[in-house]
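Student: Could you have a look at this structure, given as structure tokens, before my questions?
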Amino acid sequence: MNQYKEIAEKIKNADALLIGASNGLSITEGLHLFADNQAFEELFGDLKRKYGIRNILQAVFTNWPTEEEKWGVLSRLIQHYSGEYQETEVMADLKSIVGDKPYFVVTSNAEGHFELSGFESDKVYEVEGNWLEMRCSRLCHDTMYPALEAIQKMAAAETDGKIPSELIPRCPKCGAVMTMYNAEPLKPGMEQAWHQFLEAYHNKNLVILELGIGWRNQLIKAPLMGLAEREPNAVYITINLGEIYIADSIVNKSYGLDGYLSDILRDIKKEME
């Protein structure tokens, strides 16, 4: 039995799937936070030359001198990668692999592609927030507001990296500027949902499917390996390009697949058909 067939059988026999995802999945979908590549040049070449920004992460976290400039950059970024997003083959294959099984997603990716691909919002724990919601920067109240409609208006009006002042999103209660991507989870109750999922499938046949997470990652990878060690019936599957790490304590219940996510998920899906 080949490795992919073994993995397909483990998934078929699972009571639930726990999916962990980080930058490797985003890169597979064409969003590279750290690269000064052709995609970055095409989207931000003018602002790269104007401001000296070299990658998306720098663009997001630069201390922009005005709100007009900050939201000019954010609206261009989010409209391109979220507002115009169409489900990719890798996401379609992942949904096919999950099928109708219970699942939960833990991700540090902020672009909202899981939800935009049809994964249920209350089953996606974005541990560092997302681009699809915003809230009051003063935290005068806890309500989350959908962001895409406002983003689309800003992106349509953005010129030379700036938006008109009247389009700066403001809190409907106190008038403060809204904020998003605070490097913290924004959706209320997600940590509780995460713990409820773990409790529900304690001692069950749980498949942990890890997508594009580097070996140094302490936010998602370390807890997932710890969970695999604690759960007697868990299976741990990590997929990453050029960087596979599996703790010695879980080697006997793990699979490490070195290669492109798109290719590997397609092969697993084929074995499950």
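Residues are referred to by chain and number: the chain letter is A, B, ... according to the order shown in the structure tokens, the number counts from 1 in that chain, and ligands are numbered separately from 1 in the order shown.
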Compile a residue-level contact table for range 154-206 of chain A against range 218-237 of chain A at a cut-off of 7 Å, reporting for every qualifying residue the shortest atom pair and its distance in Å to one decimal, with only C-alpha atoms counted, rows ordered by chain and ascending number, as a tab-separated table.
Tutor:
```
residue	atom	partner	partner_atom	distance
A:His202	CA	A:Glu231	CA	6.8
A:Asn203	CA	A:Glu231	CA	6.0
A:Lys204	CA	A:Asn233	CA	6.1
A:Asn205	CA	A:Asn233	CA	5.2
A:Leu206	CA	A:Ala234	CA	4.7
```
Student: Write the residues of the selection above to a file with N, CA and C atoms, as a short mmCIF file (atom, residue, chain, number, x, y, z; two decimals), in the first residue's frame.
Tutor:
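The resulting selection.cif:
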```
data_model
loop_
_atom_site.label_atom_id
_atom_site.label_comp_id
_atom_site.auth_asym_id
_atom_site.auth_seq_id
_atom_site.Cartn_x
_atom_site.Cartn_y
_atom_site.Cartn_z
N HIS A 202 -11.98 13.91 21.67
CA HIS A 202 -10.98 13.31 22.56
C HIS A 202 -11.14 11.79 22.54
N ASN A 203 -10.03 11.09 22.33
CA ASN A 203 -9.99 9.63 22.26
C ASN A 203 -10.67 9.06 21.01
N LYS A 204 -11.06 9.92 20.09
CA LYS A 204 -11.65 9.45 18.83
C LYS A 204 -10.57 9.36 17.76
N ASN A 205 -10.95 8.87 16.59
CA ASN A 205 -10.03 8.79 15.46
C ASN A 205 -9.93 10.17 14.81
N LEU A 206 -8.94 10.93 15.23
CA LEU A 206 -8.76 12.30 14.77
C LEU A 206 -7.57 12.37 13.81
#
```
Student: Just want the 10 Å neighbourhood of Gln58 in chain A, counted on only C-alpha atoms, with same-chain residues fewer than 6 positions away dropped. Output as a VMD selection string.
Tutor: chain A and resid 33 to 34 52
Student: Identify, on the basis of only C-alpha atoms, every residue whose closest approach to Lys10 in chain A does not exceed 8 Å; exclude the query and any residue fewer than 3 positions from it along the same chain; express the result as a PyMOL selection string.
Tutor: chain A and resi 6-7+13-14+207+235
Student: Give me a file of those residues, with N, CA and C atoms, as a JSON list (two decimals), in the first residue's frame.
Tutor:
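Printed below is selection-v2.json as written:
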```json
[["chain", "number", "residue", "atom", "x", "y", "z"],
["A", 6, "GLU", "N", -2.48, 4.90, 2.13],
["A", 6, "GLU", "CA", -2.59, 4.77, 3.59],
["A", 6, "GLU", "C", -3.25, 6.00, 4.19],
["A", 7, "ILE", "N", -2.79, 7.17, 3.75],
["A", 7, "ILE", "CA", -3.35, 8.43, 4.27],
["A", 7, "ILE", "C", -4.83, 8.54, 3.92],
["A", 13, "ASN", "N", -11.44, 6.72, 7.54],
["A", 13, "ASN", "CA", -11.82, 6.11, 8.82],
["A", 13, "ASN", "C", -11.86, 7.10, 9.98],
["A", 14, "ALA", "N", -11.54, 8.36, 9.71],
["A", 14, "ALA", "CA", -11.49, 9.36, 10.78],
["A", 14, "ALA", "C", -12.88, 9.74, 11.26],
["A", 207, "VAL", "N", -7.81, 12.88, 12.61],
["A", 207, "VAL", "CA", -6.72, 13.11, 11.67],
["A", 207, "VAL", "C", -6.35, 14.60, 11.73],
["A", 235, "VAL", "N", -3.84, 10.73, 14.18],
["A", 235, "VAL", "CA", -2.88, 10.57, 13.09],
["A", 235, "VAL", "C", -2.45, 11.98, 12.67]]
```
Student: Apply DSSP to the structure's backbone, then extract all residues of range 67-252 of chain A labelled strand (DSSP E) and return them as a list of chain:residue names.
Tutor: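 Reading the DSSP output for range 67-252 of chain A, strand (DSSP E) covers A:Tyr103, A:Phe104, A:Val105, A:Val106, A:Thr107, A:Val124, A:Tyr125, A:Glu126, A:Glu133, A:Met134, A:Arg135, A:Cys136, A:Tyr145, A:Pro146, A:Met178, A:Thr179, A:Leu206, A:Val207, A:Ile208, A:Leu209, A:Glu210, A:Leu211, A:Val235, A:Tyr236, A:Ile237, A:Thr238, A:Ile239, A:Asn240.
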Student: For range 127-131 of chain A, work out the shell of residues within 12 Å, counting only C-alpha atoms and skipping chain neighbours fewer than 5 positions away, then give it as a PyMOL selection string.
Tutor: chain A and resi 20-22+60+74-83+105-116+121+144-151+179-191+194+219-220
Student: Give me, as a VMD selection string, all polymer residues having an atom no more than 9 Å from Ile97 in chain A, counting only C-alpha atoms and skipping those fewer than 6 positions away in the same chain.
Tutor: chain A and resid 8 11 to 12 265 268 to 269 272
Student: Report, in Å with one decimal, the straight-line distance from CA of Glu29 in chain A to CA of Arg49 in chain A.
Tutor: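 For CA of Glu29 in chain A relative to CA of Arg49 in chain A, the distance reads 25.6 Å.
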Student: My list of candidates is A:Ala200, A:Met178, A:Ala155, A:Leu18. Which is closest to Asp142 in chain A when distances are computed with only C-alpha atoms?
Tutor: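 Ranked by minimum distance to Asp142 in chain A, first place goes to A:Met178.
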Student: Hey, what's within 7 Å of Leu257 in chain A if we count only C-alpha atoms and toss same-chain stuff fewer than 5 positions away? As a PyMOL selection string, please?
Tutor: chain A and resi 238-240
Student: Take the residues that were just selected and, keeping C-alpha atoms, output them as a compact mmCIF listing (two decimals), in the first residue's frame.
Tutor:
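To be explicit, this is the file written out as out.txt:
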```
# COMPACT_ATOMS: atom_id res chain seq x y z
CA THR A 238 2.27 17.34 7.75
CA ILE A 239 2.70 18.65 4.20
CA ASN A 240 5.31 21.27 3.39
```
Student: Hey, what does DSSP flag as helix (DSSP H, G or I) within range 22-204 of chain A? Can you give it to me as a PyMOL selection string?
Tutor: chain A and resi 23-28+38-51+56-61+67-83+89-98+113-116+121-123+148-157+165-167+190-200
